[in-house]
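Contents: one structure, followed by commentary.
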Amino acid sequence: MHNGRQPQKKSASNPPSDALSIVKNGPKAFAGRKMGILATDGVDADLFAALISALQAEKANYEVIAPKIGGITLSDGTKVAAQQKIDGGPSVLYDAVAILASKEGTKVLASTPAAKDFLTDAFTHCKYIGYSSEACTLFKKAGLADDVDKGCIKLGSQNDANTFVKTCGNLRFWQREKLD
(Lines give C-alpha, C1' and ligand atoms only; values in the text may rest on other atoms or scores of the structure.)
Protein backbone atom coordinates (compact mmCIF):
# COMPACT_ATOMS: atom_id res chain seq x y z
CA MET A 1 0.00 0.00 0.00
CA HIS A 2 1.37 3.40 -1.01
CA ASN A 3 1.15 6.16 1.60
CA GLY A 4 1.60 8.98 -0.91
CA ARG A 5 5.00 10.05 0.47
CA GLN A 6 8.11 9.99 -1.63
CA PRO A 7 11.12 8.21 -0.08
CA GLN A 8 13.90 10.57 0.92
CA LYS A 9 17.01 10.25 -1.16
CA LYS A 10 20.49 10.66 0.21
CA SER A 11 22.17 13.63 -1.31
CA ALA A 12 25.35 15.58 -0.94
CA SER A 13 23.31 18.45 0.52
CA ASN A 14 21.88 16.19 3.27
CA PRO A 15 24.83 14.11 4.60
CA PRO A 16 24.56 12.03 7.79
CA SER A 17 25.12 14.03 10.96
CA ASP A 18 28.18 13.07 13.01
CA ALA A 19 26.74 15.09 15.91
CA LEU A 20 23.62 12.91 15.98
CA SER A 21 25.37 9.57 15.44
CA ILE A 22 24.69 7.08 18.24
CA VAL A 23 27.68 5.03 17.12
CA LYS A 24 30.10 7.99 17.09
CA ASN A 25 28.71 9.60 20.26
CA GLY A 26 27.78 6.64 22.42
CA PRO A 27 28.21 6.52 26.17
CA LYS A 28 31.68 6.18 27.68
CA ALA A 29 30.61 4.26 30.79
CA PHE A 30 27.87 1.89 31.93
CA ALA A 31 26.89 4.15 34.85
CA GLY A 32 23.13 4.55 35.10
CA ARG A 33 22.51 1.73 32.62
CA LYS A 34 20.77 -1.55 33.47
CA MET A 35 22.02 -5.10 33.14
CA GLY A 36 19.72 -8.12 33.09
CA ILE A 37 21.28 -11.05 34.93
CA LEU A 38 19.67 -14.34 33.92
CA ALA A 39 20.69 -16.68 36.72
CA THR A 40 19.86 -20.17 37.92
CA ASP A 41 19.90 -22.09 41.18
CA GLY A 42 23.38 -23.28 42.10
CA VAL A 43 25.26 -20.57 40.22
CA ASP A 44 28.70 -19.90 41.69
CA ALA A 45 28.22 -17.45 44.57
CA ASP A 46 31.66 -15.86 44.07
CA LEU A 47 30.99 -15.20 40.37
CA PHE A 48 27.58 -13.70 41.13
CA ALA A 49 29.11 -11.47 43.83
CA ALA A 50 31.93 -10.44 41.45
CA LEU A 51 29.45 -9.26 38.83
CA ILE A 52 27.33 -7.37 41.37
CA SER A 53 30.48 -5.74 42.78
CA ALA A 54 31.61 -4.65 39.30
CA LEU A 55 28.16 -3.21 38.54
CA GLN A 56 28.06 -1.32 41.82
CA ALA A 57 31.58 0.08 41.25
CA GLU A 58 30.42 1.35 37.86
CA LYS A 59 27.21 2.79 39.40
CA ALA A 60 25.12 0.62 37.09
CA ASN A 61 21.76 -0.96 37.83
CA TYR A 62 20.74 -4.59 37.46
CA GLU A 63 17.80 -6.93 37.70
CA VAL A 64 17.92 -10.65 38.34
CA ILE A 65 15.88 -12.78 35.98
CA ALA A 66 15.19 -16.34 37.11
CA PRO A 67 13.50 -19.46 35.73
CA LYS A 68 10.95 -19.23 38.55
CA ILE A 69 9.39 -16.30 40.37
CA GLY A 70 10.83 -17.36 43.74
CA GLY A 71 14.32 -16.29 42.72
CA ILE A 72 17.48 -18.37 42.95
CA THR A 73 19.72 -20.00 45.52
CA LEU A 74 23.45 -19.48 44.98
CA SER A 75 26.04 -22.24 45.41
CA ASP A 76 26.69 -21.14 49.00
CA GLY A 77 22.99 -21.30 49.96
CA THR A 78 22.34 -17.56 49.70
CA LYS A 79 18.83 -16.75 48.45
CA VAL A 80 18.56 -14.03 45.81
CA ALA A 81 15.21 -12.48 44.91
CA ALA A 82 14.32 -12.20 41.26
CA GLN A 83 12.86 -9.01 39.85
CA GLN A 84 11.71 -10.85 36.72
CA LYS A 85 10.76 -14.36 35.69
CA ILE A 86 12.35 -15.46 32.41
CA ASP A 87 9.10 -15.39 30.45
CA GLY A 88 8.36 -11.84 31.67
CA GLY A 89 11.80 -10.21 31.56
CA PRO A 90 13.03 -10.26 27.97
CA SER A 91 16.53 -9.02 27.14
CA VAL A 92 15.14 -6.02 25.24
CA LEU A 93 14.55 -4.40 28.65
CA TYR A 94 18.29 -4.20 29.36
CA ASP A 95 21.36 -2.44 28.01
CA ALA A 96 23.49 -5.58 28.42
CA VAL A 97 22.93 -9.06 29.79
CA ALA A 98 24.74 -11.74 31.76
CA ILE A 99 23.85 -15.41 31.86
CA LEU A 100 25.06 -17.08 35.03
CA ALA A 101 24.09 -20.72 35.23
CA SER A 102 25.05 -23.81 37.17
CA LYS A 103 25.52 -27.14 35.40
CA GLU A 104 21.99 -28.23 36.33
CA GLY A 105 20.57 -24.75 35.77
CA THR A 106 21.83 -24.53 32.23
CA LYS A 107 19.85 -27.68 31.40
CA VAL A 108 16.72 -25.89 32.59
CA LEU A 109 17.54 -22.80 30.52
CA ALA A 110 18.41 -24.83 27.43
CA SER A 111 14.98 -26.47 27.50
CA THR A 112 13.12 -23.17 28.07
CA PRO A 113 12.07 -21.32 24.89
CA ALA A 114 12.00 -17.96 26.71
CA ALA A 115 15.63 -18.41 27.82
CA LYS A 116 16.74 -19.20 24.27
CA ASP A 117 14.80 -16.13 23.07
CA PHE A 118 16.46 -14.02 25.80
CA LEU A 119 19.89 -14.94 24.44
CA THR A 120 19.10 -14.74 20.72
CA ASP A 121 17.35 -11.37 21.12
CA ALA A 122 20.30 -9.95 23.06
CA PHE A 123 22.68 -11.27 20.41
CA THR A 124 20.57 -9.91 17.54
CA HIS A 125 20.36 -6.48 19.18
CA CYS A 126 24.18 -6.33 19.43
CA LYS A 127 24.17 -6.30 23.23
CA TYR A 128 27.18 -7.29 25.25
CA ILE A 129 26.67 -10.71 26.78
CA GLY A 130 28.59 -11.96 29.79
CA TYR A 131 28.32 -15.66 30.55
CA SER A 132 29.54 -18.36 32.88
CA SER A 133 31.22 -21.36 31.25
CA GLU A 134 28.18 -23.49 32.09
CA ALA A 135 26.00 -21.22 29.92
CA CYS A 136 27.74 -22.47 26.77
CA THR A 137 25.03 -25.14 26.57
CA LEU A 138 22.43 -22.40 26.14
CA PHE A 139 24.44 -20.86 23.29
CA LYS A 140 24.47 -24.26 21.61
CA LYS A 141 20.73 -24.88 22.09
CA ALA A 142 19.94 -21.36 20.85
CA GLY A 143 21.97 -21.98 17.67
CA LEU A 144 24.66 -19.42 18.55
CA ALA A 145 27.60 -21.63 19.56
CA ASP A 146 29.41 -20.93 16.27
CA ASP A 147 28.64 -17.20 16.42
CA VAL A 148 30.21 -16.31 19.78
CA ASP A 149 32.22 -13.13 19.18
CA LYS A 150 34.17 -10.52 21.13
CA GLY A 151 30.89 -9.04 22.36
CA CYS A 152 30.31 -12.29 24.28
CA ILE A 153 32.59 -12.31 27.32
CA LYS A 154 33.20 -15.39 29.47
CA LEU A 155 33.05 -14.63 33.18
CA GLY A 156 35.07 -16.59 35.71
CA SER A 157 36.66 -14.08 38.07
CA GLN A 158 36.38 -10.60 39.55
CA ASN A 159 38.76 -9.34 36.86
CA ASP A 160 36.52 -10.81 34.12
CA ALA A 161 33.46 -9.17 35.68
CA ASN A 162 35.22 -5.80 35.91
CA THR A 163 36.37 -6.01 32.29
CA PHE A 164 32.90 -7.04 31.13
CA VAL A 165 31.12 -4.17 32.89
CA LYS A 166 33.68 -1.63 31.64
CA THR A 167 33.25 -2.98 28.10
CA CYS A 168 29.48 -2.59 28.42
CA GLY A 169 30.13 1.17 28.53
CA ASN A 170 30.30 0.95 24.73
CA LEU A 171 26.60 0.01 24.96
CA ARG A 172 26.52 -2.18 21.86
CA PHE A 173 28.87 -4.49 19.98
CA TRP A 174 28.09 -2.93 16.60
CA GLN A 175 30.52 -5.21 14.74
CA ARG A 176 27.91 -7.96 15.11
CA GLU A 177 25.37 -6.08 13.02
CA LYS A 178 25.24 -7.30 9.46
CA LEU A 179 25.34 -4.31 7.14
CA ASP A 180 24.99 -4.82 3.41
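Residues are referred to by chain and number: the chain letter is A, B, ... according to the order shown in the C-alpha coordinates, the number counts from 1 in that chain, and ligands are numbered separately from 1 in the order shown.
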
Report as a CSV table (one decimal) with all heavy atoms, in the first residue's frame all protein, DNA and RNA residues lying within 9 Å of segment 157-173 of chain A, evaluated on only C-alpha atoms, omitting residues in the same chain fewer than 6 positions from it.
chain,number,residue,atom,x,y,z
A,23,VAL,N,26.4,5.8,17.2
A,23,VAL,CA,27.7,5.0,17.1
A,23,VAL,C,28.9,5.9,17.5
A,23,VAL,O,29.8,5.5,18.2
A,23,VAL,CB,27.9,4.3,15.7
A,23,VAL,CG1,29.2,3.7,15.6
A,23,VAL,CG2,26.7,3.4,15.5
A,26,GLY,N,28.4,7.5,21.4
A,26,GLY,CA,27.8,6.6,22.4
A,26,GLY,C,28.3,6.9,23.8
A,26,GLY,O,29.3,7.7,24.0
A,27,PRO,N,27.8,6.3,24.8
A,27,PRO,CA,28.2,6.5,26.2
A,27,PRO,C,29.6,6.0,26.4
A,27,PRO,O,30.1,5.2,25.6
A,27,PRO,CB,27.2,5.7,27.0
A,27,PRO,CG,26.8,4.6,26.1
A,27,PRO,CD,26.8,5.2,24.7
A,28,LYS,N,30.3,6.6,27.4
A,28,LYS,CA,31.7,6.2,27.7
A,28,LYS,C,31.8,5.3,28.9
A,28,LYS,O,32.8,4.7,29.2
A,28,LYS,CB,32.5,7.4,27.9
A,28,LYS,CG,32.5,8.4,26.8
A,28,LYS,CD,33.1,7.8,25.5
A,28,LYS,CE,33.1,8.9,24.4
A,28,LYS,NZ,32.5,8.4,23.2
A,29,ALA,N,30.6,5.1,29.6
A,29,ALA,CA,30.6,4.3,30.8
A,29,ALA,C,29.2,3.6,30.9
A,29,ALA,O,28.3,4.1,30.3
A,29,ALA,CB,30.9,5.1,32.0
A,30,PHE,N,29.1,2.6,31.7
A,30,PHE,CA,27.9,1.9,31.9
A,30,PHE,C,27.1,2.5,33.1
A,30,PHE,O,26.0,2.0,33.4
A,30,PHE,CB,28.2,0.4,32.1
A,30,PHE,CG,27.0,-0.5,31.8
A,30,PHE,CD1,26.4,-0.5,30.6
A,30,PHE,CD2,26.5,-1.3,32.8
A,30,PHE,CE1,25.4,-1.4,30.3
A,30,PHE,CE2,25.4,-2.2,32.6
A,30,PHE,CZ,24.8,-2.2,31.3
A,31,ALA,N,27.6,3.5,33.7
A,31,ALA,CA,26.9,4.1,34.9
A,31,ALA,C,25.5,4.5,34.5
A,31,ALA,O,25.2,5.1,33.4
A,31,ALA,CB,27.7,5.4,35.3
A,33,ARG,N,23.1,2.7,33.5
A,33,ARG,CA,22.5,1.7,32.6
A,33,ARG,C,22.0,0.5,33.4
A,33,ARG,O,22.3,0.4,34.6
A,33,ARG,CB,23.5,1.3,31.5
A,33,ARG,CG,24.0,2.4,30.7
A,33,ARG,CD,23.0,2.9,29.8
A,33,ARG,NE,23.5,4.0,29.0
A,33,ARG,CZ,22.8,4.5,27.9
A,33,ARG,NH1,21.7,4.0,27.5
A,33,ARG,NH2,23.3,5.5,27.3
A,46,ASP,N,30.6,-16.8,44.2
A,46,ASP,CA,31.7,-15.9,44.1
A,46,ASP,C,31.5,-15.1,42.7
A,46,ASP,O,31.8,-13.9,42.7
A,46,ASP,CB,33.0,-16.6,44.2
A,46,ASP,CG,33.3,-17.1,45.6
A,46,ASP,OD1,32.8,-16.5,46.6
A,46,ASP,OD2,34.1,-18.0,45.7
A,47,LEU,N,31.2,-15.8,41.7
A,47,LEU,CA,31.0,-15.2,40.4
A,47,LEU,C,29.8,-14.2,40.4
A,47,LEU,O,29.9,-13.1,39.9
A,47,LEU,CB,30.8,-16.3,39.3
A,47,LEU,CG,30.6,-15.7,37.9
A,47,LEU,CD1,31.8,-14.9,37.4
A,47,LEU,CD2,30.4,-16.9,36.9
A,49,ALA,N,28.7,-12.6,43.0
A,49,ALA,CA,29.1,-11.5,43.8
A,49,ALA,C,30.1,-10.6,43.1
A,49,ALA,O,30.1,-9.3,43.2
A,49,ALA,CB,29.8,-12.0,45.1
A,50,ALA,N,31.0,-11.2,42.3
A,50,ALA,CA,31.9,-10.4,41.5
A,50,ALA,C,31.2,-9.5,40.5
A,50,ALA,O,31.6,-8.4,40.3
A,50,ALA,CB,32.9,-11.4,40.7
A,51,LEU,N,30.2,-10.1,39.8
A,51,LEU,CA,29.4,-9.3,38.8
A,51,LEU,C,28.7,-8.1,39.5
A,51,LEU,O,28.7,-7.0,39.1
A,51,LEU,CB,28.5,-10.1,38.0
A,51,LEU,CG,27.7,-9.4,37.0
A,51,LEU,CD1,28.6,-8.7,36.0
A,51,LEU,CD2,26.8,-10.4,36.2
A,52,ILE,N,28.1,-8.4,40.6
A,52,ILE,CA,27.3,-7.4,41.4
A,52,ILE,C,28.3,-6.3,41.8
A,52,ILE,O,28.0,-5.1,41.7
A,52,ILE,CB,26.6,-8.0,42.6
A,52,ILE,CG1,25.5,-9.0,42.1
A,52,ILE,CG2,25.9,-6.9,43.4
A,52,ILE,CD1,24.5,-8.6,41.1
A,53,SER,N,29.5,-6.7,42.3
A,53,SER,CA,30.5,-5.7,42.8
A,53,SER,C,30.9,-4.8,41.6
A,53,SER,O,31.1,-3.6,41.8
A,53,SER,CB,31.7,-6.5,43.4
A,53,SER,OG,32.7,-5.6,43.7
A,54,ALA,N,31.2,-5.4,40.5
A,54,ALA,CA,31.6,-4.7,39.3
A,54,ALA,C,30.5,-3.7,38.9
A,54,ALA,O,30.8,-2.5,38.5
A,54,ALA,CB,32.0,-5.6,38.1
A,55,LEU,N,29.3,-4.1,38.9
A,55,LEU,CA,28.2,-3.2,38.5
A,55,LEU,C,28.0,-2.1,39.5
A,55,LEU,O,27.8,-0.9,39.1
A,55,LEU,CB,26.9,-4.0,38.5
A,55,LEU,CG,26.7,-4.9,37.3
A,55,LEU,CD1,25.6,-5.9,37.5
A,55,LEU,CD2,26.5,-4.1,36.0
A,57,ALA,N,30.4,-0.8,41.4
A,57,ALA,CA,31.6,0.1,41.3
A,57,ALA,C,31.4,1.0,40.1
A,57,ALA,O,31.8,2.2,40.1
A,57,ALA,CB,32.8,-0.7,41.1
A,58,GLU,N,30.7,0.6,39.1
A,58,GLU,CA,30.4,1.3,37.9
A,58,GLU,C,29.2,2.2,38.0
A,58,GLU,O,28.8,3.0,37.1
A,58,GLU,CB,30.3,0.4,36.7
A,58,GLU,CG,30.3,1.1,35.3
A,58,GLU,CD,31.6,1.7,34.9
A,58,GLU,OE1,32.6,1.3,35.5
A,58,GLU,OE2,31.6,2.5,34.0
A,60,ALA,N,26.1,1.1,38.0
A,60,ALA,CA,25.1,0.6,37.1
A,60,ALA,C,24.0,-0.1,37.9
A,60,ALA,O,24.2,-0.5,39.0
A,60,ALA,CB,25.8,-0.3,36.1
A,95,ASP,N,20.3,-3.0,28.9
A,95,ASP,CA,21.4,-2.4,28.0
A,95,ASP,C,22.4,-3.5,27.7
A,95,ASP,O,23.1,-3.4,26.7
A,95,ASP,CB,22.0,-1.2,28.7
A,95,ASP,CG,21.0,-0.1,28.8
A,95,ASP,OD1,20.5,0.4,27.8
A,95,ASP,OD2,20.7,0.3,30.0
A,96,ALA,N,22.6,-4.5,28.6
A,96,ALA,CA,23.5,-5.6,28.4
A,96,ALA,C,22.9,-6.7,29.3
A,96,ALA,O,22.1,-6.5,30.1
A,96,ALA,CB,24.9,-5.2,28.9
A,125,HIS,N,20.4,-7.9,18.9
A,125,HIS,CA,20.4,-6.5,19.2
A,125,HIS,C,21.8,-6.0,19.5
A,125,HIS,O,21.9,-4.8,20.1
A,125,HIS,CB,19.4,-6.1,20.3
A,125,HIS,CG,17.9,-6.3,19.8
A,125,HIS,ND1,17.1,-7.2,20.5
A,125,HIS,CD2,17.3,-5.8,18.8
A,125,HIS,CE1,15.9,-7.2,19.9
A,125,HIS,NE2,16.0,-6.4,18.8
A,126,CYS,N,22.8,-6.7,19.3
A,126,CYS,CA,24.2,-6.3,19.4
A,126,CYS,C,24.5,-6.0,20.9
A,126,CYS,O,25.4,-5.2,21.1
A,126,CYS,CB,24.5,-5.2,18.5
A,126,CYS,SG,24.3,-5.5,16.8
A,127,LYS,N,23.9,-6.6,21.8
A,127,LYS,CA,24.2,-6.3,23.2
A,127,LYS,C,25.4,-7.1,23.7
A,127,LYS,O,25.7,-8.2,23.2
A,127,LYS,CB,23.0,-6.7,24.1
A,127,LYS,CG,21.8,-5.8,23.8
A,127,LYS,CD,20.6,-6.0,24.7
A,127,LYS,CE,19.5,-5.1,24.2
A,127,LYS,NZ,18.4,-5.0,25.1
A,128,TYR,N,26.1,-6.5,24.6
A,128,TYR,CA,27.2,-7.3,25.2
A,128,TYR,C,26.6,-8.4,26.1
A,128,TYR,O,25.6,-8.1,26.8
A,128,TYR,CB,28.1,-6.4,26.1
A,128,TYR,CG,29.0,-5.6,25.2
A,128,TYR,CD1,28.7,-4.3,24.8
A,128,TYR,CD2,30.2,-6.1,24.7
A,128,TYR,CE1,29.5,-3.5,24.0
A,128,TYR,CE2,31.0,-5.4,23.9
A,128,TYR,CZ,30.6,-4.1,23.5
A,128,TYR,OH,31.5,-3.4,22.7
A,129,ILE,N,27.2,-9.5,26.1
A,129,ILE,CA,26.7,-10.7,26.8
A,129,ILE,C,27.8,-11.3,27.6
A,129,ILE,O,28.8,-11.8,27.0
A,129,ILE,CB,26.1,-11.8,25.8
A,129,ILE,CG1,25.0,-11.2,24.9
A,129,ILE,CG2,25.6,-13.0,26.6
A,129,ILE,CD1,24.6,-12.1,23.7
A,130,GLY,N,27.6,-11.3,28.9
A,130,GLY,CA,28.6,-12.0,29.8
A,130,GLY,C,28.0,-13.3,30.1
A,130,GLY,O,26.8,-13.5,30.2
A,150,LYS,N,33.5,-11.3,20.1
A,150,LYS,CA,34.2,-10.5,21.1
A,150,LYS,C,33.2,-9.7,22.0
A,150,LYS,O,33.6,-9.2,23.0
A,150,LYS,CB,35.2,-9.6,20.5
A,150,LYS,CG,36.4,-10.4,20.0
A,150,LYS,CD,37.5,-9.5,19.5
A,150,LYS,CE,38.6,-10.4,18.9
A,150,LYS,NZ,39.7,-9.6,18.4
A,151,GLY,N,31.9,-9.7,21.6
A,151,GLY,CA,30.9,-9.0,22.4
A,151,GLY,C,30.3,-10.0,23.4
A,151,GLY,O,29.5,-9.6,24.2

Query raised in the report: Could you pull the residues within 10 Å of Ala115 of chain A, counting only C-alpha atoms, minus those fewer than 4 positions along the same chain, as a PyMOL selection string?
Result: chain A and resi 38+65-67+86-87+89-91+99+106+108-111+119-121+138+142

Dump all heavy atoms for the selected residues as a tab-separated table (two decimals), in the first residue's frame?
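Result file is selection.tsv:
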chain	number	residue	atom	x	y	z
A	38	LEU	N	20.42	-13.09	33.95
A	38	LEU	CA	19.67	-14.34	33.92
A	38	LEU	C	20.47	-15.36	34.70
A	38	LEU	O	21.59	-15.70	34.31
A	38	LEU	CB	19.44	-14.79	32.48
A	38	LEU	CG	18.76	-16.14	32.28
A	38	LEU	CD1	17.41	-16.21	32.98
A	38	LEU	CD2	18.60	-16.43	30.79
A	65	ILE	N	16.93	-12.06	36.69
A	65	ILE	CA	15.88	-12.78	35.98
A	65	ILE	C	16.10	-14.25	36.29
A	65	ILE	O	17.22	-14.75	36.17
A	65	ILE	CB	15.95	-12.54	34.45
A	65	ILE	CG1	15.89	-11.04	34.13
A	65	ILE	CG2	14.84	-13.29	33.73
A	65	ILE	CD1	17.17	-10.47	33.66
A	66	ALA	N	15.05	-14.94	36.70
A	66	ALA	CA	15.19	-16.34	37.11
A	66	ALA	C	14.18	-17.22	36.39
A	66	ALA	O	13.17	-16.75	35.90
A	66	ALA	CB	14.99	-16.45	38.63
A	67	PRO	N	14.45	-18.53	36.35
A	67	PRO	CA	13.50	-19.46	35.73
A	67	PRO	C	12.17	-19.53	36.48
A	67	PRO	O	11.14	-19.81	35.88
A	67	PRO	CB	14.22	-20.81	35.79
A	67	PRO	CG	15.67	-20.47	35.87
A	67	PRO	CD	15.73	-19.19	36.66
A	86	ILE	N	11.80	-15.44	33.77
A	86	ILE	CA	12.35	-15.46	32.41
A	86	ILE	C	11.31	-15.18	31.33
A	86	ILE	O	11.60	-14.50	30.36
A	86	ILE	CB	13.11	-16.79	32.11
A	86	ILE	CG1	13.77	-16.74	30.72
A	86	ILE	CG2	12.19	-17.99	32.23
A	86	ILE	CD1	14.72	-15.64	30.50
A	87	ASP	N	10.09	-15.65	31.50
A	87	ASP	CA	9.10	-15.39	30.45
A	87	ASP	C	8.45	-14.01	30.57
A	87	ASP	O	7.59	-13.66	29.77
A	87	ASP	CB	8.04	-16.50	30.39
A	87	ASP	CG	7.34	-16.72	31.71
A	87	ASP	OD1	7.65	-16.04	32.70
A	87	ASP	OD2	6.47	-17.61	31.76
A	89	GLY	N	10.69	-11.16	31.54
A	89	GLY	CA	11.80	-10.21	31.56
A	89	GLY	C	12.69	-10.38	30.36
A	89	GLY	O	13.84	-10.82	30.50
A	90	PRO	N	12.22	-10.05	29.17
A	90	PRO	CA	13.03	-10.26	27.97
A	90	PRO	C	14.27	-9.36	27.94
A	90	PRO	O	14.31	-8.30	28.58
A	90	PRO	CB	12.07	-9.89	26.83
A	90	PRO	CG	11.12	-8.92	27.45
A	90	PRO	CD	10.95	-9.38	28.87
A	91	SER	N	15.27	-9.76	27.19
A	91	SER	CA	16.53	-9.02	27.14
A	91	SER	C	16.39	-7.62	26.54
A	91	SER	O	17.26	-6.78	26.76
A	91	SER	CB	17.59	-9.82	26.39
A	91	SER	OG	17.21	-10.04	25.05
A	99	ILE	N	24.50	-14.13	31.64
A	99	ILE	CA	23.85	-15.41	31.86
A	99	ILE	C	24.75	-16.21	32.78
A	99	ILE	O	25.84	-16.62	32.39
A	99	ILE	CB	23.59	-16.14	30.53
A	99	ILE	CG1	22.71	-15.27	29.64
A	99	ILE	CG2	22.93	-17.50	30.80
A	99	ILE	CD1	22.56	-15.75	28.23
A	106	THR	N	21.74	-24.75	33.67
A	106	THR	CA	21.83	-24.53	32.23
A	106	THR	C	20.96	-25.53	31.46
A	106	THR	O	20.45	-25.22	30.40
A	106	THR	CB	23.29	-24.55	31.74
A	106	THR	OG1	23.34	-23.93	30.46
A	106	THR	CG2	23.86	-25.93	31.63
A	108	VAL	N	18.04	-26.50	32.50
A	108	VAL	CA	16.72	-25.89	32.59
A	108	VAL	C	16.58	-24.78	31.56
A	108	VAL	O	15.60	-24.72	30.81
A	108	VAL	CB	16.45	-25.34	34.02
A	108	VAL	CG1	15.17	-24.53	34.07
A	108	VAL	CG2	16.42	-26.47	35.04
A	109	LEU	N	17.59	-23.90	31.48
A	109	LEU	CA	17.54	-22.80	30.52
A	109	LEU	C	17.51	-23.31	29.08
A	109	LEU	O	16.76	-22.80	28.25
A	109	LEU	CB	18.74	-21.87	30.70
A	109	LEU	CG	18.83	-21.09	32.00
A	109	LEU	CD1	20.10	-20.22	32.01
A	109	LEU	CD2	17.59	-20.25	32.24
A	110	ALA	N	18.32	-24.31	28.79
A	110	ALA	CA	18.41	-24.83	27.43
A	110	ALA	C	17.11	-25.47	26.95
A	110	ALA	O	16.88	-25.58	25.75
A	110	ALA	CB	19.56	-25.83	27.33
A	111	SER	N	16.26	-25.86	27.89
A	111	SER	CA	14.98	-26.47	27.50
A	111	SER	C	13.82	-25.48	27.63
A	111	SER	O	12.66	-25.85	27.47
A	111	SER	CB	14.70	-27.70	28.36
A	111	SER	OG	14.51	-27.32	29.71
A	119	LEU	N	18.53	-14.97	24.98
A	119	LEU	CA	19.89	-14.94	24.44
A	119	LEU	C	19.91	-14.51	22.98
A	119	LEU	O	20.69	-13.63	22.61
A	119	LEU	CB	20.55	-16.31	24.59
A	119	LEU	CG	21.94	-16.46	23.99
A	119	LEU	CD1	22.91	-15.42	24.56
A	119	LEU	CD2	22.47	-17.87	24.20
A	120	THR	N	19.06	-15.09	22.15
A	120	THR	CA	19.10	-14.74	20.72
A	120	THR	C	18.69	-13.29	20.48
A	120	THR	O	19.27	-12.63	19.62
A	120	THR	CB	18.24	-15.69	19.86
A	120	THR	OG1	16.90	-15.69	20.34
A	120	THR	CG2	18.79	-17.10	19.87
A	121	ASP	N	17.74	-12.78	21.26
A	121	ASP	CA	17.35	-11.37	21.12
A	121	ASP	C	18.50	-10.45	21.52
A	121	ASP	O	18.78	-9.47	20.85
A	121	ASP	CB	16.11	-11.05	21.95
A	121	ASP	CG	14.83	-11.63	21.36
A	121	ASP	OD1	14.84	-12.09	20.21
A	121	ASP	OD2	13.81	-11.62	22.09
A	138	LEU	N	23.53	-23.23	26.64
A	138	LEU	CA	22.43	-22.40	26.14
A	138	LEU	C	22.78	-21.81	24.78
A	138	LEU	O	21.93	-21.77	23.89
A	138	LEU	CB	22.08	-21.31	27.14
A	138	LEU	CG	20.92	-20.39	26.74
A	138	LEU	CD1	19.62	-21.18	26.54
A	138	LEU	CD2	20.72	-19.30	27.79
A	142	ALA	N	20.54	-22.52	21.52
A	142	ALA	CA	19.94	-21.36	20.85
A	142	ALA	C	20.49	-21.18	19.44
A	142	ALA	O	20.08	-20.26	18.72
A	142	ALA	CB	20.20	-20.10	21.67

Report task. List every residue of chain A that DSSP, applied to the backbone, labels as alpha helix (DSSP H), and write the result as a PyMOL selection string. Result -> chain A and resi 45-57+103-110+113-124+136-141+158-167

Requested in this report: Work out how far apart atom CA of Leu155 of chain A and atom CA of Gly77 of chain A are and give it in Å to one decimal.
Outcome: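 Calculated distance between atom CA of Leu155 of chain A and atom CA of Gly77 of chain A is 20.7 Å.
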
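Of note, atom CA of Lys103 of chain A and atom CA of Ala145 of chain A are spaced 16.9 Å apart.
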
Query raised in the report: When distances are computed from only C-alpha atoms, which of A:Met35, A:Cys152, A:Ala82, A:Leu100 shows the smallest separation from Gly70 of chain A?
Result: A:Ala82

Report task. Using DSSP on the backbone coordinates, identify the residues of segment 1-163 of chain A assigned to strand (DSSP E); present them as a list in words. Result ->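 Everything in segment 1-163 of chain A that counts as strand (DSSP E) is Lys34, Met35, Gly36, Ile37, Leu38, Ala39, Asn61, Tyr62, Glu63, Val64, Ile65, Ala66, Ile72, Thr73, Lys79, Val80, Gln84, Lys85, Ala96, Val97, Ala98, Ile99, Leu100, Ile129, Gly130, Tyr131, Cys152, Ile153 and Lys154 of chain A.
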
Query raised in the report: What separation in Å, quoted to one decimal, exists between atom CA of Asp117 of chain A and atom CA of Gln56 of chain A?
Result: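 Atom-to-atom, atom CA of Asp117 of chain A to atom CA of Gln56 of chain A, that is 27.3 Å.
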
**Report entry** Neighbour list for Lys107 of chain A as a list in words, cut-off 12 Å, only C-alpha atoms, skip fewer than 3 positions in-chain
**Finding:**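 Surrounding residues, per the criterion: Thr40, Asp41, Pro67, Ala101, Ser102, Lys103, Glu104, Ala110, Ser111, Thr112, Pro113, Ala115, Lys116, Glu134, Ala135, Cys136, Thr137, Leu138, Phe139, Lys140 and Lys141 of chain A.
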
Query raised in the report: Out of A:Thr124, A:Gln175, A:Val64, A:Gly32, which residue has the shortest atom-to-atom distance to Ala98 of chain A when counting only C-alpha atoms?
Result: A:Val64
